$ cat data24.txt   # compact mmCIF, C-alpha atoms and all ligand atoms
# COMPACT_ATOMS: atom_id res chain seq x y z
CA ASP A 200 -2.44 -58.52 -50.83
CA ARG A 201 -3.54 -61.66 -49.11
CA LEU A 202 -6.90 -60.85 -50.68
CA LYS A 203 -5.30 -60.47 -54.10
CA GLU A 204 -3.55 -63.80 -53.73
CA VAL A 205 -6.80 -65.44 -52.74
CA LEU A 206 -8.72 -63.85 -55.58
CA ALA A 207 -6.04 -65.10 -57.93
CA GLY A 208 -6.68 -68.53 -56.47
CA GLY A 209 -3.03 -68.97 -55.52
CA VAL A 210 -3.52 -69.86 -51.85
CA ALA A 211 -5.24 -72.58 -49.90
CA GLN A 212 -8.36 -70.80 -48.69
CA SER A 213 -9.64 -70.67 -45.16
CA PRO A 214 -13.41 -71.16 -44.99
CA ALA A 215 -13.84 -67.52 -43.92
CA LEU A 216 -12.00 -66.28 -46.98
CA ALA A 217 -13.79 -68.69 -49.21
CA ARG A 218 -17.03 -67.25 -47.92
CA ALA A 219 -15.88 -63.66 -48.35
CA GLU A 220 -15.04 -64.32 -51.97
CA ARG A 221 -18.21 -63.87 -53.97
CA LYS A 222 -18.55 -65.58 -57.22
CA ILE A 223 -21.47 -64.51 -59.33
CA TYR A 224 -23.47 -67.43 -60.64
CA SER A 225 -25.82 -67.15 -63.58
CA GLU A 226 -29.48 -67.97 -63.45
CA GLU A 227 -28.86 -70.61 -66.09
CA ARG A 228 -26.15 -72.32 -64.00
CA LEU A 229 -28.37 -72.36 -60.93
CA ARG A 230 -31.27 -73.76 -62.94
CA ARG A 231 -29.03 -76.61 -64.06
CA ALA A 232 -27.84 -77.18 -60.48
CA ILE A 233 -31.44 -77.59 -59.29
CA ALA A 234 -32.29 -79.94 -62.17
CA ASP A 235 -29.12 -82.03 -61.68
CA GLY A 236 -29.57 -82.41 -57.92
CA GLU A 237 -26.51 -80.36 -56.94
CA LEU A 238 -28.48 -78.69 -54.17
CA VAL A 239 -28.37 -80.65 -50.93
CA ASN A 240 -30.26 -80.16 -47.70
CA HIS A 241 -28.36 -79.90 -44.46
CA TYR A 242 -30.22 -80.00 -41.14
CA GLN A 243 -29.73 -78.07 -37.92
CA PRO A 244 -31.42 -79.36 -34.74
CA LYS A 245 -33.94 -77.36 -32.70
CA VAL A 246 -33.86 -78.44 -29.08
CA ASP A 247 -36.27 -77.96 -26.16
CA LEU A 248 -34.50 -75.75 -23.60
CA ALA A 249 -36.30 -77.18 -20.56
CA SER A 250 -35.93 -80.90 -21.31
CA GLY A 251 -33.10 -81.03 -23.85
CA ALA A 252 -35.29 -83.12 -26.16
CA VAL A 253 -34.84 -82.67 -29.91
CA ALA A 254 -37.97 -81.02 -31.33
CA GLY A 255 -37.04 -80.98 -35.00
CA PHE A 256 -34.60 -79.87 -37.65
CA GLU A 257 -34.34 -76.80 -39.83
CA THR A 258 -33.45 -77.42 -43.47
CA LEU A 259 -30.56 -75.26 -44.69
CA VAL A 260 -29.81 -75.71 -48.36
CA ARG A 261 -26.25 -75.88 -49.74
CA TRP A 262 -25.01 -76.06 -53.30
CA ARG A 263 -22.50 -78.85 -53.78
CA HIS A 264 -20.74 -77.23 -56.71
CA PRO A 265 -18.52 -79.67 -58.65
CA GLU A 266 -15.68 -77.10 -58.99
CA ASP A 267 -16.28 -74.51 -56.26
CA GLY A 268 -17.14 -76.83 -53.37
CA LEU A 269 -19.89 -76.22 -50.85
CA ILE A 270 -21.67 -72.91 -51.51
CA PHE A 271 -23.79 -71.29 -48.78
CA PRO A 272 -27.30 -70.04 -49.52
CA ASP A 273 -26.55 -66.32 -49.21
CA GLN A 274 -24.62 -66.75 -52.48
CA PHE A 275 -27.50 -68.12 -54.52
CA ILE A 276 -30.85 -67.57 -52.78
CA PRO A 277 -30.94 -63.86 -53.77
CA LEU A 278 -30.37 -64.88 -57.40
CA ALA A 279 -33.20 -67.40 -57.15
CA GLU A 280 -35.48 -64.75 -55.63
CA GLU A 281 -34.77 -62.30 -58.44
CA SER A 282 -35.85 -64.88 -61.00
CA SER A 283 -38.69 -67.35 -60.88
CA LEU A 284 -36.16 -70.06 -59.89
CA ILE A 285 -37.08 -69.67 -56.23
CA ASN A 286 -40.25 -71.66 -56.97
CA ASP A 287 -38.39 -74.70 -58.31
CA LEU A 288 -35.78 -74.37 -55.60
CA THR A 289 -38.22 -74.30 -52.70
CA ARG A 290 -40.31 -77.12 -54.10
CA SER A 291 -37.29 -79.36 -54.57
CA VAL A 292 -35.86 -78.50 -51.12
CA LEU A 293 -39.25 -79.19 -49.55
CA ARG A 294 -39.72 -82.55 -51.26
CA ALA A 295 -36.24 -83.67 -50.19
CA ALA A 296 -36.84 -82.46 -46.61
CA LEU A 297 -40.05 -84.49 -46.37
CA CYS A 298 -38.20 -87.54 -47.68
CA HIS A 299 -35.62 -87.18 -44.91
CA ALA A 300 -38.34 -86.57 -42.32
CA ARG A 301 -39.93 -89.82 -43.50
CA LYS A 302 -36.64 -91.64 -42.84
CA TRP A 303 -36.34 -90.20 -39.33
CA ARG A 304 -39.90 -91.32 -38.62
CA ASP A 305 -39.16 -94.81 -39.89
CA ASP A 306 -36.15 -94.84 -37.54
CA GLY A 307 -38.42 -93.96 -34.60
CA PHE A 308 -37.91 -90.16 -34.51
CA PRO A 309 -41.17 -88.36 -35.42
CA LEU A 310 -39.46 -84.97 -35.62
CA GLN A 311 -40.79 -81.80 -37.22
CA VAL A 312 -38.89 -80.57 -40.25
CA ALA A 313 -38.70 -76.83 -40.96
CA VAL A 314 -38.23 -75.44 -44.47
CA ASN A 315 -37.41 -71.82 -45.33
CA VAL A 316 -39.77 -70.13 -47.74
CA SER A 317 -39.33 -66.65 -49.04
CA MET A 318 -42.30 -64.32 -49.51
CA ASP A 319 -41.78 -64.66 -53.27
CA ASN A 320 -42.90 -68.30 -53.02
CA LEU A 321 -46.14 -67.17 -51.51
CA VAL A 322 -47.46 -65.33 -54.49
CA SER A 323 -48.29 -68.65 -56.19
CA LEU A 324 -51.82 -69.44 -55.15
CA ASP A 325 -51.26 -73.16 -55.83
CA PHE A 326 -48.44 -73.37 -53.25
CA PRO A 327 -50.70 -74.68 -50.41
CA ASP A 328 -51.98 -77.51 -52.61
CA PHE A 329 -48.44 -78.35 -53.66
CA VAL A 330 -47.40 -78.60 -50.01
CA GLU A 331 -50.41 -80.74 -49.14
CA CYS A 332 -49.64 -83.17 -51.99
CA ALA A 333 -45.99 -83.39 -50.97
CA LEU A 334 -47.02 -84.18 -47.38
CA ASP A 335 -49.41 -86.88 -48.56
CA GLU A 336 -46.78 -88.42 -50.81
CA ALA A 337 -44.30 -88.62 -47.93
CA GLY A 338 -46.97 -89.75 -45.46
CA ILE A 339 -46.21 -86.90 -43.05
CA PRO A 340 -48.96 -85.13 -41.07
CA ALA A 341 -49.30 -81.36 -41.51
CA SER A 342 -48.00 -80.85 -37.98
CA GLY A 343 -44.73 -82.51 -39.05
CA LEU A 344 -43.89 -79.54 -41.29
CA LEU A 345 -43.05 -75.97 -40.35
CA LEU A 346 -42.52 -73.23 -42.91
CA GLU A 347 -40.11 -70.49 -41.80
CA VAL A 348 -41.12 -67.35 -43.59
CA THR A 349 -38.51 -64.73 -44.42
CA GLU A 350 -39.04 -61.48 -46.19
CA SER A 351 -37.32 -61.16 -49.55
CA ARG A 352 -35.92 -57.80 -50.56
CA LEU A 353 -38.21 -57.53 -53.52
CA MET A 354 -41.75 -58.34 -52.46
CA LYS A 355 -43.47 -57.82 -55.77
CA ASN A 356 -46.92 -58.37 -54.36
CA ARG A 357 -47.98 -57.81 -50.77
CA LEU A 358 -51.49 -59.25 -50.70
CA ALA A 359 -51.23 -62.71 -52.26
CA PRO A 360 -48.83 -63.98 -49.54
CA LEU A 361 -51.38 -63.20 -46.85
CA GLU A 362 -53.96 -65.39 -48.52
CA VAL A 363 -51.49 -68.21 -49.18
CA LEU A 364 -50.28 -68.14 -45.57
CA ALA A 365 -53.85 -68.22 -44.27
CA ARG A 366 -54.60 -71.25 -46.47
CA LEU A 367 -51.48 -73.06 -45.26
CA ARG A 368 -52.45 -72.39 -41.66
CA LEU A 369 -55.98 -73.71 -42.33
CA LYS A 370 -54.33 -76.93 -43.47
CA ARG A 371 -52.62 -76.98 -40.02
CA ILE A 372 -49.13 -76.51 -41.40
CA GLY A 373 -46.90 -74.67 -38.92
CA LEU A 374 -45.76 -71.15 -39.83
CA SER A 375 -42.77 -69.47 -38.23
CA ILE A 376 -41.91 -65.78 -38.50
CA ASP A 377 -38.15 -66.00 -39.10
CA ASP A 378 -35.55 -63.37 -38.18
CA PHE A 379 -38.10 -61.64 -35.99
CA GLY A 380 -37.24 -58.01 -35.34
CA THR A 381 -35.24 -57.41 -38.53
CA GLY A 382 -36.34 -55.76 -41.77
CA HIS A 383 -40.04 -56.20 -42.40
CA SER A 384 -40.21 -59.25 -40.19
CA SER A 385 -42.10 -57.48 -37.50
CA LEU A 386 -45.25 -56.28 -35.86
CA ALA A 387 -47.38 -55.63 -38.93
CA GLN A 388 -46.79 -59.23 -40.02
CA LEU A 389 -47.81 -60.52 -36.60
CA ARG A 390 -51.02 -58.58 -36.96
CA ASP A 391 -51.80 -59.88 -40.45
CA ILE A 392 -50.54 -63.48 -40.53
CA PRO A 393 -51.50 -66.43 -38.29
CA PHE A 394 -47.98 -67.50 -37.32
CA SER A 395 -47.62 -70.45 -34.94
CA GLU A 396 -43.97 -69.80 -34.02
CA LEU A 397 -41.77 -66.77 -33.48
CA LYS A 398 -38.06 -67.08 -34.12
CA VAL A 399 -35.96 -64.38 -32.51
CA ASP A 400 -33.18 -63.32 -34.88
CA ARG A 401 -29.67 -64.40 -33.95
CA GLY A 402 -28.56 -60.76 -34.04
CA PHE A 403 -30.46 -60.25 -30.78
CA VAL A 404 -29.78 -63.61 -29.19
CA HIS A 405 -26.04 -64.20 -29.04
CA GLY A 406 -24.55 -62.20 -26.17
CA ALA A 407 -27.92 -60.90 -24.92
CA TRP A 408 -27.01 -62.14 -21.42
CA ARG A 409 -24.40 -59.36 -21.11
CA ASN A 410 -26.15 -56.58 -23.01
CA ALA A 411 -29.14 -54.84 -21.41
CA SER A 412 -30.63 -53.62 -24.72
CA LEU A 413 -30.50 -57.01 -26.38
CA ARG A 414 -31.87 -58.62 -23.26
CA ALA A 415 -34.86 -56.25 -23.24
CA ILE A 416 -35.55 -56.94 -26.94
CA VAL A 417 -35.37 -60.72 -26.52
CA GLU A 418 -37.49 -60.75 -23.38
CA ALA A 419 -40.15 -58.47 -24.87
CA SER A 420 -40.30 -60.56 -28.07
CA LEU A 421 -40.71 -63.76 -26.06
CA ARG A 422 -43.41 -62.24 -23.84
CA MET A 423 -45.33 -60.99 -26.85
CA ALA A 424 -45.11 -64.34 -28.63
CA ARG A 425 -46.41 -66.13 -25.54
CA GLN A 426 -49.30 -63.70 -25.25
CA LEU A 427 -50.14 -64.40 -28.88
CA GLY A 428 -50.08 -68.14 -28.21
CA MET A 429 -47.01 -68.75 -30.36
CA LYS A 430 -44.16 -71.15 -29.79
CA THR A 431 -40.86 -69.38 -29.08
CA VAL A 432 -37.50 -70.18 -30.65
CA ALA A 433 -34.12 -68.50 -30.40
CA GLU A 434 -31.51 -68.94 -33.12
CA GLY A 435 -27.80 -68.17 -32.80
CA VAL A 436 -27.34 -69.91 -29.44
CA GLU A 437 -23.55 -70.11 -29.58
CA ASP A 438 -22.45 -70.81 -26.01
CA ARG A 439 -23.49 -71.96 -22.55
CA GLU A 440 -24.25 -68.37 -21.46
CA ASP A 441 -26.70 -67.88 -24.34
CA TRP A 442 -28.34 -71.22 -23.52
CA ASP A 443 -28.74 -70.45 -19.80
CA PHE A 444 -30.11 -66.96 -20.44
CA LEU A 445 -32.76 -68.22 -22.87
CA ARG A 446 -33.73 -71.08 -20.64
CA ASN A 447 -34.20 -68.68 -17.73
CA SER A 448 -36.22 -66.35 -19.98
CA GLY A 449 -38.70 -69.15 -20.65
CA CYS A 450 -37.88 -69.51 -24.34
CA GLU A 451 -39.05 -72.95 -25.52
CA LEU A 452 -36.62 -73.96 -28.27
CA ALA A 453 -33.02 -73.17 -29.08
CA GLN A 454 -30.97 -73.53 -32.22
CA GLY A 455 -27.32 -72.72 -32.80
CA TRP A 456 -23.71 -73.81 -32.81
CA PHE A 457 -23.77 -74.56 -29.07
CA ILE A 458 -26.06 -77.46 -29.96
CA SER A 459 -24.85 -78.29 -33.47
CA LYS A 460 -24.06 -76.79 -36.84
CA ALA A 461 -26.20 -77.85 -39.78
CA LEU A 462 -25.32 -81.45 -40.65
CA PRO A 463 -25.57 -83.44 -43.87
CA PRO A 464 -28.45 -85.94 -43.73
CA GLU A 465 -26.20 -88.98 -43.48
CA GLN A 466 -24.86 -87.69 -40.12
CA ILE A 467 -28.29 -87.20 -38.53
CA PRO A 468 -28.83 -90.76 -37.20
CA ASP A 469 -25.47 -90.73 -35.37
CA TRP A 470 -26.08 -87.22 -34.04
CA LEU A 471 -29.50 -88.24 -32.70
CA ALA A 472 -28.02 -91.31 -31.05
CA ALA A 473 -25.23 -89.30 -29.39
CA TRP A 474 -27.22 -86.20 -28.35
CA GLU A 475 -27.62 -85.42 -24.67
CA VAL A 476 -27.72 -82.06 -22.88
P1 LIG B 1 -31.79 -68.45 -41.50
O1 LIG B 1 -33.08 -69.09 -41.90
O2 LIG B 1 -31.86 -67.32 -40.53
O3 LIG B 1 -30.87 -69.64 -41.03
C1 LIG B 1 -29.96 -69.57 -39.99
C2 LIG B 1 -28.56 -69.30 -40.48
O4 LIG B 1 -27.72 -69.12 -39.33
C3 LIG B 1 -27.96 -70.45 -41.23
O5 LIG B 1 -27.05 -69.92 -42.19
C4 LIG B 1 -27.20 -71.20 -40.15
O6 LIG B 1 -26.17 -72.04 -40.64
C5 LIG B 1 -26.66 -70.05 -39.34
N1 LIG B 1 -26.40 -70.41 -37.96
C6 LIG B 1 -26.88 -71.49 -37.28
N2 LIG B 1 -26.49 -71.50 -35.99
C7 LIG B 1 -25.75 -70.38 -35.83
C8 LIG B 1 -25.06 -69.82 -34.70
O7 LIG B 1 -25.06 -70.32 -33.58
N3 LIG B 1 -24.40 -68.64 -34.91
C9 LIG B 1 -24.37 -68.02 -36.12
N4 LIG B 1 -23.71 -66.88 -36.23
N5 LIG B 1 -25.02 -68.53 -37.22
C10 LIG B 1 -25.70 -69.69 -37.06
P2 LIG B 1 -27.04 -70.44 -43.69
O8 LIG B 1 -27.20 -71.91 -43.73
O9 LIG B 1 -25.85 -69.81 -44.34
O10 LIG B 1 -28.35 -69.82 -44.28
C11 LIG B 1 -28.49 -68.44 -44.49
C12 LIG B 1 -29.90 -68.08 -44.88
O11 LIG B 1 -30.22 -68.59 -46.16
C13 LIG B 1 -30.95 -68.67 -43.93
O12 LIG B 1 -31.04 -67.86 -42.80
C14 LIG B 1 -32.19 -68.61 -44.81
O13 LIG B 1 -32.78 -67.33 -44.75
C15 LIG B 1 -31.61 -68.82 -46.19
N6 LIG B 1 -31.90 -70.19 -46.62
C16 LIG B 1 -31.28 -71.34 -46.31
N7 LIG B 1 -31.86 -72.40 -46.91
C17 LIG B 1 -32.90 -71.89 -47.62
C18 LIG B 1 -33.90 -72.46 -48.47
O14 LIG B 1 -34.00 -73.68 -48.69
N8 LIG B 1 -34.80 -71.59 -49.05
C19 LIG B 1 -34.75 -70.24 -48.82
N9 LIG B 1 -35.68 -69.45 -49.40
N10 LIG B 1 -33.84 -69.67 -48.04
C20 LIG B 1 -32.91 -70.49 -47.44
CA CA B 2 -34.83 -70.00 -41.05
CA CA B 3 -33.38 -66.83 -38.99
CA CA B 4 -31.96 -65.07 -42.21
$ encode --input "data24.txt" --output "structure tokens"
Amino acid sequence: DRLKEVLAGGVAQSPALARAERKIYSEERLRRAIADGELVNHYQPKVDLASGAVAGFETLVRWRHPEDGLIFPDQFIPLAEESSLINDLTRSVLRAALCHARKWRDDGFPLQVAVNVSMDNLVSLDFPDFVECALDEAGIPASGLLLEVTESRLMKNRLAPLEVLARLRLKRIGLSIDDFGTGHSSLAQLRDIPFSELKVDRGFVHGAWRNASLRAIVEASLRMARQLGMKTVAEGVEDREDWDFLRNSGCELAQGWFISKALPPEQIPDWLAAWEV
């Protein structure tokens, strides 16, 4: 009945309830949001576990909806992936991320920026050239950008992405296999695609220190990534125990609420100034 009240809009909503309530947005509305700049990039730090140094930021897009408030990506990325909108969305997120990375560099922080791309982006054969132009425009070297690749549920075409990923890698752009261990994000992809980073999914990371199965999965993933010459990252580091376990497992980078939530760009300079382990 609490749910009914909330659905009727009669109650001040807690963030959890607001997130549970799913509003269906139309393709047309999302297209307008992209064109009107209603999508905003937030950034979550990735930190070196051994030294505590900030290595970079992951871009997490939010929709600043004029009536509905801040909408999280799980409520509109699937819609974008089902239509061709994902192309416009990714390109606009990427351009904005490189702009912010430019600012950090100008402030004396040459940090890598990571952008999520879905496999559906990687069927456009001109995507590598688009990325290269965007890097040139922002004056950022290829090594300053990392693309975190996640599987979409649809995957219309399985071969084109392999070629696009190979071309991106040849341009020395970093490629991360995101959510490693879930869905199709797994061994066959490691065989076929020249990833430079492996990101262990948060479903395995948080609480692994007190769960033997999770611990085995995380440790095996990290060992394999190292043997393949990849950088290792764990997401979903929520507390001190998670941090200590990963550090002792030799994982290189950590990301998660223990370090910081994703922050709006205007808060990044203060966060960088205040950060210490
Ligand atoms: P992801 O790439 O796996 O991103 C990590 C998600 O985990 C983010 O959710 C982040 O806010 C959340 N998170 C961060 N630290 C913690 C933690 O310590 N504990 C827990 N439980 N969660 C944590 P968010 O921002 O809601 O994004 C959800 C997904 O939406 C992302 O998952 C990514 O797949 C997708 N996404 C976000 N931005 C973009 C984008 O620009 N393009 C595309 N294609 N997908 C995006
Ligand atoms: Ca990601
Ligand atoms: Ca992930
Ligand atoms: Ca994910």
$ residues_around --input "data24.txt" --residues "Lys370 of chain A" --least-positions-apart "6" --cutoff "9 Å" --atoms "all atoms listed in the file" --output "number ranges by chain"
A: 327, 331, 341
$ write_last_selection --input "data24.txt" --atoms "C-alpha atoms" --output "JSON list (two decimals), keeping the file's coordinate frame"
[["chain", "number", "residue", "atom", "x", "y", "z"],
["A", 327, "PRO", "CA", -50.70, -74.68, -50.41],
["A", 331, "GLU", "CA", -50.41, -80.74, -49.14],
["A", 341, "ALA", "CA", -49.30, -81.36, -41.51]]
$ residues_near_ligand --input "data24.txt" --ligand "ligand CA 4 (chain B)" --cutoff "8 Å" --atoms "all atoms listed in the file" --output "MDAnalysis selection string"
chainID A and resid 349 377:378 400
$ write_last_selection --input "data24.txt" --atoms "C-alpha atoms" --output "PDB file, in the coordinates of the input"
ATOM      1  CA  THR A 349     -38.510 -64.730 -44.420  1.00  0.00           C
ATOM      2  CA  ASP A 377     -38.150 -66.000 -39.100  1.00  0.00           C
ATOM      3  CA  ASP A 378     -35.550 -63.370 -38.180  1.00  0.00           C
ATOM      4  CA  ASP A 400     -33.180 -63.320 -34.880  1.00  0.00           C
TER       5      ASP A 400
END
$ residues_near_ligand --input "data24.txt" --ligand "ligand CA 3 (chain B)" --cutoff "12 Å" --atoms "only C-alpha atoms and all ligand atoms" --output "PyMOL selection string"
chain A and resi 243+257-259+313-317+346-350+375-382+384+397-404+432-436+453-455
$ residues_near_point --input "data24.txt" --point "(-23.0, -71.8, -24.1)" --cutoff "10 Å" --atoms "only C-alpha atoms" --output "PDB file with C-alpha atoms, keeping the file's coordinate frame"
ATOM      1  CA  HIS A 405     -26.040 -64.200 -29.040  1.00  0.00           C
ATOM      2  CA  GLY A 406     -24.550 -62.200 -26.170  1.00  0.00           C
ATOM      3  CA  VAL A 436     -27.340 -69.910 -29.440  1.00  0.00           C
ATOM      4  CA  GLU A 437     -23.550 -70.110 -29.580  1.00  0.00           C
ATOM      5  CA  ASP A 438     -22.450 -70.810 -26.010  1.00  0.00           C
ATOM      6  CA  ARG A 439     -23.490 -71.960 -22.550  1.00  0.00           C
ATOM      7  CA  GLU A 440     -24.250 -68.370 -21.460  1.00  0.00           C
ATOM      8  CA  ASP A 441     -26.700 -67.880 -24.340  1.00  0.00           C
ATOM      9  CA  TRP A 442     -28.340 -71.220 -23.520  1.00  0.00           C
ATOM     10  CA  ASP A 443     -28.740 -70.450 -19.800  1.00  0.00           C
ATOM     11  CA  PHE A 444     -30.110 -66.960 -20.440  1.00  0.00           C
ATOM     12  CA  GLY A 455     -27.320 -72.720 -32.800  1.00  0.00           C
ATOM     13  CA  TRP A 456     -23.710 -73.810 -32.810  1.00  0.00           C
ATOM     14  CA  PHE A 457     -23.770 -74.560 -29.070  1.00  0.00           C
ATOM     15  CA  ILE A 458     -26.060 -77.460 -29.960  1.00  0.00           C
TER      16      ILE A 458
END
$ closest_residue --input "data24.txt" --among "A:Ala252, A:Ala424, A:Ile339, A:Ala419" --to "Arg390 of chain A" --atoms "all atoms listed in the file"
A:Ala424
$ atom_distance --input "data24.txt" --atom1 "atom C6 of ligand LIG 1 (chain B)" --atom2 "atom CA of Ala461 of chain A"
6.9 Å
$ atom_distance --input "data24.txt" --atom1 "atom CA of Trp470 of chain A" --atom2 "atom CA of Leu421 of chain A"
28.8 Å
$ axis_aligned_box --input "data24.txt" --around "ligand LIG 1 (chain B)" --padding-each-side "4 Å" --output "AutoDock Vina command-line options"
--center_x -29.7 --center_y -70.3 --center_z -41.5 --size_x 20.0 --size_y 14.8 --size_z 23.8
$ closest_residue --input "data24.txt" --among "A:Leu345, A:Ala333, A:Leu248, A:Val260" --to "ligand LIG 1 (chain B)" --atoms "all atoms listed in the file"
A:Val260
$ residues_around --input "data24.txt" --residues "Arg230 of chain A" --least-positions-apart "4" --cutoff "9 Å" --atoms "all atoms listed in the file" --output "JSON, numbers by chain"
{"A": [225, 226, 234, 235, 279, 284, 287, 288]}
$ closest_residue --input "data24.txt" --among "A:Arg409, A:His264, A:Arg357, A:Arg301" --to "Asp335 of chain A" --atoms "all atoms listed in the file"
A:Arg301
$ residues_around --input "data24.txt" --residues "Leu334 of chain A" --least-positions-apart "5" --cutoff "10 Å" --atoms "all atoms listed in the file" --output "list in words"
Leu293, Arg294, Leu297, Cys298, Arg301, Asp328, Phe329, Ile339, Pro340, Ala341, Gly343, Leu344 and Ile372 of chain A
$ closest_residue --input "data24.txt" --among "A:Val312, A:Ala295, A:Ala411, A:Leu471" --to "ligand CA 2 (chain B)" --atoms "all atoms listed in the file"
A:Val312
$ residues_around --input "data24.txt" --residues "Glu237 of chain A" --least-positions-apart "6" --cutoff "10 Å" --atoms "all atoms listed in the file" --output "ChimeraX atom specification"
/A:229,231,261-265,269
$ atom_distance --input "data24.txt" --atom1 "atom CA of Ser291 of chain A" --atom2 "atom CA of Ile233 of chain A"
7.7 Å
$ closest_residue --input "data24.txt" --among "A:Arg221, A:Arg414, A:Arg228, A:Lys245" --to "ligand CA 2 (chain B)" --atoms "all atoms listed in the file"
A:Lys245
$ closest_residue --input "data24.txt" --among "A:Glu336, A:Glu475, A:Glu227, A:Asp319" --to "Pro360 of chain A" --atoms "only C-alpha atoms"
A:Asp319
$ residues_around --input "data24.txt" --residues "Phe308 of chain A" --least-positions-apart "2" --cutoff "10 Å" --atoms "all atoms listed in the file" --output "list of chain:residue names"
A:Val253, A:Ala254, A:Gly255, A:Ala300, A:Arg301, A:Lys302, A:Trp303, A:Arg304, A:Asp305, A:Asp306, A:Leu310, A:Gln311, A:Pro468, A:Leu471
$ decode --input "data24.txt" --residues "segment 393-411 of chain A" --atoms "N, CA and C atoms" --output "short mmCIF file (atom, residue, chain, number, x, y, z; two decimals), in the first residue's frame"
data_model
loop_
_atom_site.label_atom_id
_atom_site.label_comp_id
_atom_site.auth_asym_id
_atom_site.auth_seq_id
_atom_site.Cartn_x
_atom_site.Cartn_y
_atom_site.Cartn_z
N PRO A 393 41.38 -7.84 -28.17
CA PRO A 393 42.61 -7.43 -27.49
C PRO A 393 42.37 -6.44 -26.35
N PHE A 394 41.71 -6.88 -25.28
CA PHE A 394 41.44 -6.00 -24.16
C PHE A 394 42.73 -5.63 -23.42
N SER A 395 42.78 -4.39 -22.90
CA SER A 395 43.94 -3.98 -22.12
C SER A 395 43.64 -4.01 -20.62
N GLU A 396 42.37 -4.12 -20.25
CA GLU A 396 41.98 -4.09 -18.84
C GLU A 396 40.84 -5.07 -18.60
N LEU A 397 40.89 -5.70 -17.44
CA LEU A 397 39.78 -6.58 -17.04
C LEU A 397 39.15 -6.03 -15.77
N LYS A 398 37.83 -5.86 -15.83
CA LYS A 398 37.11 -5.28 -14.70
C LYS A 398 36.22 -6.36 -14.09
N VAL A 399 36.57 -6.78 -12.88
CA VAL A 399 35.80 -7.84 -12.23
C VAL A 399 34.47 -7.26 -11.79
N ASP A 400 33.39 -7.94 -12.11
CA ASP A 400 32.05 -7.44 -11.82
C ASP A 400 31.82 -7.29 -10.32
N ARG A 401 31.06 -6.27 -9.95
CA ARG A 401 30.86 -5.99 -8.54
C ARG A 401 30.11 -7.12 -7.82
N GLY A 402 29.39 -7.93 -8.58
CA GLY A 402 28.69 -9.07 -8.00
C GLY A 402 29.63 -10.11 -7.41
N PHE A 403 30.89 -10.10 -7.83
CA PHE A 403 31.88 -11.02 -7.26
C PHE A 403 32.75 -10.35 -6.20
N VAL A 404 32.80 -9.02 -6.27
CA VAL A 404 33.80 -8.29 -5.49
C VAL A 404 33.35 -8.03 -4.05
N HIS A 405 32.18 -7.40 -3.92
CA HIS A 405 31.75 -7.00 -2.57
C HIS A 405 31.47 -8.23 -1.72
N GLY A 406 32.16 -8.33 -0.59
CA GLY A 406 31.95 -9.45 0.32
C GLY A 406 32.78 -10.69 -0.01
N ALA A 407 33.62 -10.61 -1.05
CA ALA A 407 34.43 -11.79 -1.42
C ALA A 407 35.34 -12.23 -0.28
N TRP A 408 35.75 -11.27 0.57
CA TRP A 408 36.67 -11.59 1.67
C TRP A 408 36.07 -12.62 2.63
N ARG A 409 34.72 -12.71 2.70
CA ARG A 409 34.14 -13.68 3.63
C ARG A 409 33.35 -14.78 2.92
N ASN A 410 33.63 -14.97 1.65
CA ASN A 410 32.91 -16.00 0.89
C ASN A 410 33.90 -16.74 0.01
N ALA A 411 34.15 -18.01 0.31
CA ALA A 411 35.21 -18.76 -0.36
C ALA A 411 34.98 -18.86 -1.87
#
